[in-house]
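Let me begin by presenting the structure, written as structure tokens, before commenting on it.
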Amino acid sequence: MAVGEDWSCDANDALHITVVQPGDTKPKTLSTFHPQFTYPIFGDDEQIFGYKGLVIRLRFAAHDLRPHVHISYDDRFKAVDDTAATDLLGTLKPFIPEEALINLPEYEKNVQEDPGAKDFSPPGKLVYSYDVNERNYEIWAGSLANPAVQKILDRAQVLVSLFIEAGTPLDTDDPEWSLERWTVFFVYEKVKPTTPTASSYSIVGYATTYRYWMYQRDRSETPVVKDVAFPLPELKISELPARLRIAQFLILPSHHRSGHGTHLYTTIHAFCLADPTITELTVEDPNEAFDALRDSADFCLLRPEFLKHNVNLNPDPNGIYSGKKRPTVVPTNALIPTQTLREVRTAFKIEATQFAHILEMYLLSQIPKSHRLAGGTNLARLLIKKSKADNPDDRRYYWWRMLTKQRLYKKHRELLDELDLTDRVEKLDDTVRNVEEGYEITLGALEGRLPEPEDEPTEASSSGRGKRKLAVSDDEDEEENGAEAAKRPKV
Ligand SMILES: CC(=O)SCCNC(=O)CCNC(=O)[C@H](O)C(C)(C)COP(=O)(O)OP(=O)(O)OC[C@H]1O[C@@H](n2cnc3c(N)ncnc32)[C@H](O)[C@@H]1OP(=O)(O)O
């Protein structure tokens, strides 16, 4: 063993995840991919010490995710004093079920000759079917209290540590009443079985969701102390008002960017709409890719509703444009139909911050591009002229920025109030620009996919000047309930 030889390797490269299905004589590979992260298992450096040519193969049967771990390497570091090769099995054991540790021939036999495969159907109920490129897919949903759901989830959970940043596997040993809060959605492809005894299902992805009790107080009723008889009637958690929260959401890499994530998300959303006890759909720690998916899906969902109600920014709120006095507050109620929007949000069960994002994106899309930053509008001129700009689309854009700044200010008030006025204005300007750029990316990605609205906004020119300080107070009686419910890094 040469001194200074490099015995470390990248854990993400060493770990191969393989989906298998029965073949002619032994299981064959359907897809293979590497994890996105291994730090929850191998530490922050994602390095494994003590092996050359290391391959850790984590196999899953395509239908029921029967797992297997197989480790192979060319050479292993011989321990010197305290320095020894990583104990691979010991490190992996907390993350994989015990059943994954049998020998490979036995595993292959189990997959090849699985007597239950032919009649296997995903656990729970079939809730949605769809086609992509002439391939059929199904989404099944079941309670985590169902042992069949639990079994597949237990087998899949290691993927959370490998693909969802800061994701933690669920504890499926919880008491039944708690497991009943969880609904797991599985996406499967319906395939032609590879052998007469093979399954016709192949995993694509899954999501876990849970009911999160929502406190609701009827403010029209004065609270009174009541005499009630004990014991109190038993409460069923499934009957209490709740938010539904998406905890983990995963599509296997071999199926990415084919619309499965969107189908899964919209199915979960439809599940919320159909359940009268669920008031809102929220998401736990969404990442950037999930945000992009959710924003596109929610935009497509809400856009027809906004069009139906002619939602648009009023370029002349309260006749201010024609008046002499400049407004000192953002006249929200005069700018947008707040009551209608509240009703749309409630009906569609979209969480408040997410709804605000989609509304802002929609209102921006209604301003012709040449009057937005992305189309090269003259912002310096607009900031002089402000709400007195001659062109209604310039005024719309001005008010769009003010509305968005108002939301951002409310959300980050504590932080912003620590800054002096000039820095605060600059910070808000930077933030609104970032937000706008993000919306433009999503709108750009959706371009061409959306039906053209009948009344397209018109293009026009702008000019003028003026000066005024930033107004961030609000005249809207805003509904605070749940506005910050989901943890979301996005502003
Ligand atoms: C609550 C949570 O669990 S957050 C964690 C989410 N899960 C993960 O990150 C695990 C690993 N990644 C995945 O499972 C998948 O990549 C997902 C779920 C993020 C996306 O699933 P997909 O099936 O690929 O999404 P889908 O094909 O429906 O994409 C819809 C849109 O979302 C956006 N999108 C999807 N993936 C990405 C990405 N990696 N980066 C940026 N945008 C993305 C795009 O706008 C895409 O439309 P396009 O493909 O036409 O451009």
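Labels for the structure tokens follow display order: chains A, B, ..., residues from 1 in each chain, ligands from 1.
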How would you report the residues lying within 6 Å of ligand 1, as a PyMOL selection string, if you count only C-alpha atoms and all ligand atoms? chain A and resi 163-164+246-252+256-262+283-287+289-290+292-293
May I have all residues of segment 293-369 of chain A that DSSP, computed from the backbone, assigns to alpha helix (DSSP H), given as a ChimeraX atom specification? /A:293-308,332-335,338-348,352-365
Keeping only N, CA and C atoms, write the selected residues as a compact mmCIF listing (two decimals), in the first residue's frame.
# COMPACT_ATOMS: atom_id res chain seq x y z
N LEU A 293 -42.17 23.96 -10.62
CA LEU A 293 -43.25 23.05 -11.01
C LEU A 293 -44.60 23.56 -10.47
N ARG A 294 -44.58 23.91 -9.18
CA ARG A 294 -45.83 24.34 -8.52
C ARG A 294 -46.33 25.66 -9.11
N ASP A 295 -45.39 26.59 -9.36
CA ASP A 295 -45.80 27.88 -9.93
C ASP A 295 -46.45 27.69 -11.31
N SER A 296 -45.83 26.84 -12.14
CA SER A 296 -46.40 26.61 -13.48
C SER A 296 -47.78 25.98 -13.34
N ALA A 297 -47.88 24.97 -12.47
CA ALA A 297 -49.16 24.26 -12.34
C ALA A 297 -50.24 25.19 -11.80
N ASP A 298 -49.92 25.97 -10.75
CA ASP A 298 -50.92 26.87 -10.16
C ASP A 298 -51.29 28.00 -11.13
N PHE A 299 -50.31 28.45 -11.91
CA PHE A 299 -50.60 29.51 -12.88
C PHE A 299 -51.60 28.99 -13.91
N CYS A 300 -51.36 27.77 -14.41
CA CYS A 300 -52.27 27.19 -15.41
C CYS A 300 -53.67 26.99 -14.82
N LEU A 301 -53.71 26.68 -13.53
CA LEU A 301 -54.98 26.45 -12.86
C LEU A 301 -55.76 27.75 -12.65
N LEU A 302 -55.06 28.79 -12.22
CA LEU A 302 -55.75 30.02 -11.83
C LEU A 302 -55.96 30.99 -13.00
N ARG A 303 -55.15 30.89 -14.02
CA ARG A 303 -55.24 31.86 -15.12
C ARG A 303 -56.66 31.93 -15.72
N PRO A 304 -57.30 30.79 -16.04
CA PRO A 304 -58.66 30.88 -16.60
C PRO A 304 -59.62 31.58 -15.65
N GLU A 305 -59.41 31.39 -14.35
CA GLU A 305 -60.30 32.01 -13.36
C GLU A 305 -60.07 33.53 -13.34
N PHE A 306 -58.82 33.93 -13.41
CA PHE A 306 -58.51 35.37 -13.44
C PHE A 306 -59.09 35.99 -14.72
N LEU A 307 -58.97 35.26 -15.81
CA LEU A 307 -59.52 35.78 -17.08
C LEU A 307 -61.03 35.91 -16.97
N LYS A 308 -61.64 34.88 -16.38
CA LYS A 308 -63.10 34.87 -16.25
C LYS A 308 -63.58 36.10 -15.47
N THR A 332 -54.70 49.34 -2.53
CA THR A 332 -54.88 47.96 -2.98
C THR A 332 -56.30 47.66 -3.47
N ASN A 333 -57.28 48.07 -2.65
CA ASN A 333 -58.66 47.73 -3.00
C ASN A 333 -59.12 48.36 -4.30
N ALA A 334 -58.52 49.51 -4.63
CA ALA A 334 -58.89 50.17 -5.88
C ALA A 334 -58.08 49.64 -7.05
N LEU A 335 -56.96 48.99 -6.74
CA LEU A 335 -56.10 48.47 -7.81
C LEU A 335 -56.54 47.11 -8.32
N THR A 338 -60.01 42.81 -4.64
CA THR A 338 -59.54 41.98 -3.52
C THR A 338 -60.57 40.96 -3.04
N GLN A 339 -61.86 41.36 -3.02
CA GLN A 339 -62.88 40.43 -2.53
C GLN A 339 -63.00 39.21 -3.47
N THR A 340 -63.04 39.50 -4.78
CA THR A 340 -63.11 38.40 -5.76
C THR A 340 -61.90 37.49 -5.61
N LEU A 341 -60.74 38.11 -5.46
CA LEU A 341 -59.51 37.32 -5.37
C LEU A 341 -59.51 36.44 -4.12
N ARG A 342 -60.03 36.99 -3.03
CA ARG A 342 -60.11 36.21 -1.80
C ARG A 342 -61.00 34.98 -2.02
N GLU A 343 -62.11 35.23 -2.73
CA GLU A 343 -63.04 34.11 -3.00
C GLU A 343 -62.38 33.05 -3.89
N VAL A 344 -61.63 33.52 -4.89
CA VAL A 344 -60.96 32.57 -5.79
C VAL A 344 -59.94 31.75 -4.99
N ARG A 345 -59.19 32.43 -4.16
CA ARG A 345 -58.16 31.74 -3.38
C ARG A 345 -58.79 30.68 -2.46
N THR A 346 -59.86 31.08 -1.79
CA THR A 346 -60.52 30.14 -0.88
C THR A 346 -61.08 28.95 -1.67
N ALA A 347 -61.72 29.24 -2.81
CA ALA A 347 -62.33 28.16 -3.59
C ALA A 347 -61.27 27.20 -4.11
N PHE A 348 -60.12 27.74 -4.49
CA PHE A 348 -59.07 26.88 -5.06
C PHE A 348 -58.10 26.34 -4.01
N ALA A 352 -51.96 31.36 1.00
CA ALA A 352 -51.97 32.80 0.71
C ALA A 352 -50.72 33.31 0.00
N THR A 353 -49.54 32.93 0.48
CA THR A 353 -48.30 33.46 -0.14
C THR A 353 -48.18 32.95 -1.57
N GLN A 354 -48.51 31.68 -1.76
CA GLN A 354 -48.44 31.10 -3.11
C GLN A 354 -49.45 31.81 -4.02
N PHE A 355 -50.63 32.08 -3.49
CA PHE A 355 -51.64 32.77 -4.30
C PHE A 355 -51.13 34.15 -4.70
N ALA A 356 -50.49 34.83 -3.76
CA ALA A 356 -49.95 36.17 -4.06
C ALA A 356 -48.92 36.07 -5.18
N HIS A 357 -48.06 35.04 -5.14
CA HIS A 357 -47.06 34.87 -6.21
C HIS A 357 -47.74 34.69 -7.57
N ILE A 358 -48.75 33.84 -7.59
CA ILE A 358 -49.40 33.54 -8.87
C ILE A 358 -50.15 34.78 -9.39
N LEU A 359 -50.79 35.48 -8.45
CA LEU A 359 -51.50 36.70 -8.85
C LEU A 359 -50.51 37.73 -9.40
N GLU A 360 -49.41 37.91 -8.72
CA GLU A 360 -48.41 38.89 -9.19
C GLU A 360 -47.89 38.50 -10.58
N MET A 361 -47.68 37.21 -10.73
CA MET A 361 -47.16 36.72 -12.03
C MET A 361 -48.21 36.97 -13.12
N TYR A 362 -49.48 36.72 -12.77
CA TYR A 362 -50.55 36.92 -13.74
C TYR A 362 -50.69 38.41 -14.09
N LEU A 363 -50.71 39.26 -13.07
CA LEU A 363 -50.87 40.70 -13.32
C LEU A 363 -49.71 41.22 -14.17
N LEU A 364 -48.51 40.69 -13.90
CA LEU A 364 -47.34 41.09 -14.70
C LEU A 364 -47.55 40.67 -16.15
N SER A 365 -48.07 39.46 -16.33
CA SER A 365 -48.25 38.94 -17.69
C SER A 365 -49.29 39.74 -18.48
Given only C-alpha atoms as the counted atoms, nearest of A:Thr183, A:Thr195, A:Ser200, A:Thr91 to Asp119 of chain A: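 Looking at the shortest contact to Asp119 of chain A, the residue is A:Ser200.
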Just the residues within 12 Å of His269 of chain A, please, counting only C-alpha atoms, with nothing from its chain fewer than 2 positions along; format it as a PyMOL selection string. chain A and resi 127+185+209+243-246+262-267+271-275+278-283+294+297-298+301+347-351
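Of note, atom CA of Val432 of chain A and atom CA of Glu418 of chain A are spaced 18.6 Å apart.
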Between atom CA of Glu440 of chain A and atom CA of Gly167 of chain A, distance in Å (one decimal):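 That distance, rounded to one decimal, is 29.1 Å.
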Expressed in Å to a single decimal, how great is the separation between atom CA of Tyr128 of chain A and atom CA of Phe60 of chain A?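 Separation of atom CA of Tyr128 of chain A and atom CA of Phe60 of chain A: 24.2 Å.
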With a distance cut-off of 12 Å and only C-alpha atoms, select the neighbouring residues of segment 39-52 of chain A, excluding the residue or stretch itself and same-chain residues fewer than 3 positions from it, and output the selection as a PyMOL selection string. chain A and resi 1+5-15+35-36+55-56+71-80+83-96+158-169
Taking the backbone alone, and naming residues the way the document does, which bits of segment 157-258 of chain A are strand (DSSP E) by DSSP, as a compact mmCIF listing (two decimals) with N, CA and C atoms, in the first residue's frame?
# COMPACT_ATOMS: atom_id res chain seq x y z
N TRP A 182 -51.65 10.73 7.36
CA TRP A 182 -50.80 10.73 6.16
C TRP A 182 -51.47 10.03 4.98
N THR A 183 -51.40 10.65 3.82
CA THR A 183 -51.80 9.98 2.58
C THR A 183 -50.60 9.96 1.67
N VAL A 184 -50.31 8.78 1.13
CA VAL A 184 -49.16 8.65 0.23
C VAL A 184 -49.69 8.45 -1.18
N PHE A 185 -49.12 9.20 -2.12
CA PHE A 185 -49.51 9.10 -3.54
C PHE A 185 -48.37 8.44 -4.29
N PHE A 186 -48.67 7.39 -5.04
CA PHE A 186 -47.65 6.70 -5.83
C PHE A 186 -47.94 6.91 -7.32
N VAL A 187 -46.90 7.18 -8.08
CA VAL A 187 -47.06 7.25 -9.55
C VAL A 187 -46.42 5.99 -10.12
N TYR A 188 -47.19 5.25 -10.90
CA TYR A 188 -46.70 4.03 -11.53
C TYR A 188 -46.92 4.10 -13.03
N GLU A 189 -46.00 3.51 -13.75
CA GLU A 189 -46.27 3.31 -15.18
C GLU A 189 -46.92 1.94 -15.34
N LYS A 190 -47.93 1.88 -16.19
CA LYS A 190 -48.58 0.61 -16.48
C LYS A 190 -47.81 0.03 -17.68
N TYR A 201 -46.73 -3.17 -13.30
CA TYR A 201 -46.53 -1.83 -12.74
C TYR A 201 -45.05 -1.55 -12.53
N SER A 202 -44.67 -0.32 -12.80
CA SER A 202 -43.28 0.08 -12.62
C SER A 202 -43.25 1.49 -11.99
N ILE A 203 -42.52 1.60 -10.90
CA ILE A 203 -42.56 2.85 -10.12
C ILE A 203 -41.98 4.05 -10.88
N VAL A 204 -42.62 5.20 -10.69
CA VAL A 204 -42.15 6.45 -11.32
C VAL A 204 -41.78 7.47 -10.22
N GLY A 205 -42.58 7.49 -9.17
CA GLY A 205 -42.30 8.44 -8.10
C GLY A 205 -43.38 8.37 -7.04
N TYR A 206 -43.26 9.20 -6.02
CA TYR A 206 -44.29 9.23 -4.98
C TYR A 206 -44.23 10.54 -4.21
N ALA A 207 -45.29 10.80 -3.47
CA ALA A 207 -45.31 11.97 -2.59
C ALA A 207 -46.02 11.61 -1.30
N THR A 208 -45.54 12.16 -0.20
CA THR A 208 -46.22 11.96 1.07
C THR A 208 -46.89 13.28 1.47
N THR A 209 -48.08 13.17 2.03
CA THR A 209 -48.80 14.38 2.45
C THR A 209 -49.41 14.11 3.82
N TYR A 210 -49.59 15.16 4.59
CA TYR A 210 -50.27 14.95 5.88
C TYR A 210 -51.22 16.08 6.19
N ARG A 211 -52.21 15.72 6.97
CA ARG A 211 -53.21 16.70 7.41
C ARG A 211 -52.62 17.47 8.59
N TYR A 212 -52.79 18.78 8.53
CA TYR A 212 -52.21 19.66 9.54
C TYR A 212 -53.36 20.47 10.08
N TRP A 213 -53.75 20.17 11.30
CA TRP A 213 -54.95 20.77 11.86
C TRP A 213 -54.94 22.29 11.74
N ALA A 242 -58.47 21.02 8.19
CA ALA A 242 -57.02 20.86 8.12
C ALA A 242 -56.47 21.48 6.86
N ARG A 243 -55.17 21.76 6.91
CA ARG A 243 -54.43 22.01 5.68
C ARG A 243 -53.85 20.67 5.27
N LEU A 244 -53.65 20.48 3.98
CA LEU A 244 -52.90 19.30 3.57
C LEU A 244 -51.51 19.79 3.21
N ARG A 245 -50.51 19.13 3.75
CA ARG A 245 -49.14 19.59 3.51
C ARG A 245 -48.35 18.51 2.77
N ILE A 246 -47.74 18.89 1.66
CA ILE A 246 -46.88 17.95 0.94
C ILE A 246 -45.55 17.93 1.67
N ALA A 247 -45.15 16.73 2.12
CA ALA A 247 -43.90 16.64 2.89
C ALA A 247 -42.74 16.25 1.97
N GLN A 248 -42.91 15.15 1.24
CA GLN A 248 -41.83 14.67 0.36
C GLN A 248 -42.40 14.40 -1.01
N PHE A 249 -41.67 14.79 -2.01
CA PHE A 249 -42.18 14.71 -3.37
C PHE A 249 -41.02 14.30 -4.26
N LEU A 250 -41.17 13.17 -4.91
CA LEU A 250 -40.01 12.62 -5.63
C LEU A 250 -40.42 11.90 -6.91
N ILE A 251 -39.78 12.29 -8.00
CA ILE A 251 -39.94 11.57 -9.27
C ILE A 251 -38.56 11.00 -9.58
Smallest atom-to-atom distance to Ser143 of chain A: which of A:Ser238, A:Thr277, A:Asn314, A:Thr442, using only C-alpha atoms? A:Ser238
Residues near segment 97-114 of chain A, cut-off 6 Å, only C-alpha atoms, skip fewer than 2 positions along chain, as a VMD selection string: chain A and resid 22 26 to 27 67 to 69 116 to 117
For all heavy atoms, I'd like the residues from the last selection saved as a compact mmCIF listing (two decimals), in the first residue's frame.
# COMPACT_ATOMS: atom_id res chain seq x y z
N PRO A 22 -38.05 -8.57 -13.73
CA PRO A 22 -37.67 -9.91 -14.19
C PRO A 22 -37.25 -9.90 -15.66
O PRO A 22 -37.82 -9.16 -16.48
CB PRO A 22 -38.96 -10.73 -14.01
CG PRO A 22 -39.73 -9.99 -12.98
CD PRO A 22 -39.41 -8.54 -13.17
N LYS A 26 -32.83 -14.03 -15.48
CA LYS A 26 -32.58 -13.33 -14.20
C LYS A 26 -32.97 -11.86 -14.34
O LYS A 26 -33.15 -11.39 -15.47
CB LYS A 26 -31.14 -13.50 -13.76
CG LYS A 26 -30.09 -12.96 -14.71
CD LYS A 26 -28.72 -13.28 -14.15
CE LYS A 26 -27.97 -11.99 -14.03
NZ LYS A 26 -26.82 -11.87 -13.32
N PRO A 27 -33.11 -11.14 -13.22
CA PRO A 27 -33.58 -9.76 -13.31
C PRO A 27 -32.70 -8.89 -14.21
O PRO A 27 -31.48 -9.05 -14.25
CB PRO A 27 -33.52 -9.26 -11.86
CG PRO A 27 -33.61 -10.47 -11.05
CD PRO A 27 -32.93 -11.57 -11.82
N PRO A 67 -35.93 -4.10 -1.93
CA PRO A 67 -34.60 -3.50 -2.04
C PRO A 67 -33.45 -4.51 -1.87
O PRO A 67 -33.63 -5.59 -1.31
CB PRO A 67 -34.59 -2.54 -0.86
CG PRO A 67 -35.44 -3.23 0.17
CD PRO A 67 -36.43 -4.11 -0.54
N HIS A 68 -32.29 -4.12 -2.37
CA HIS A 68 -31.08 -4.93 -2.13
C HIS A 68 -29.86 -4.04 -2.19
O HIS A 68 -29.78 -3.13 -3.02
CB HIS A 68 -30.95 -6.03 -3.19
CG HIS A 68 -29.80 -6.93 -2.89
ND1 HIS A 68 -28.61 -6.88 -3.57
CD2 HIS A 68 -29.66 -7.89 -1.93
CE1 HIS A 68 -27.78 -7.78 -3.05
NE2 HIS A 68 -28.40 -8.41 -2.06
N VAL A 69 -28.90 -4.31 -1.29
CA VAL A 69 -27.63 -3.57 -1.33
C VAL A 69 -26.52 -4.55 -1.66
O VAL A 69 -26.41 -5.62 -1.05
CB VAL A 69 -27.32 -2.93 0.04
CG1 VAL A 69 -25.94 -2.28 0.00
CG2 VAL A 69 -28.34 -1.91 0.39
N GLY A 116 -46.19 -13.02 -6.14
CA GLY A 116 -47.24 -11.99 -6.04
C GLY A 116 -47.15 -10.94 -7.13
O GLY A 116 -48.03 -10.07 -7.23
N ALA A 117 -46.10 -11.00 -7.95
CA ALA A 117 -45.85 -9.89 -8.90
C ALA A 117 -46.97 -9.75 -9.92
O ALA A 117 -47.44 -8.65 -10.20
CB ALA A 117 -44.52 -10.09 -9.59
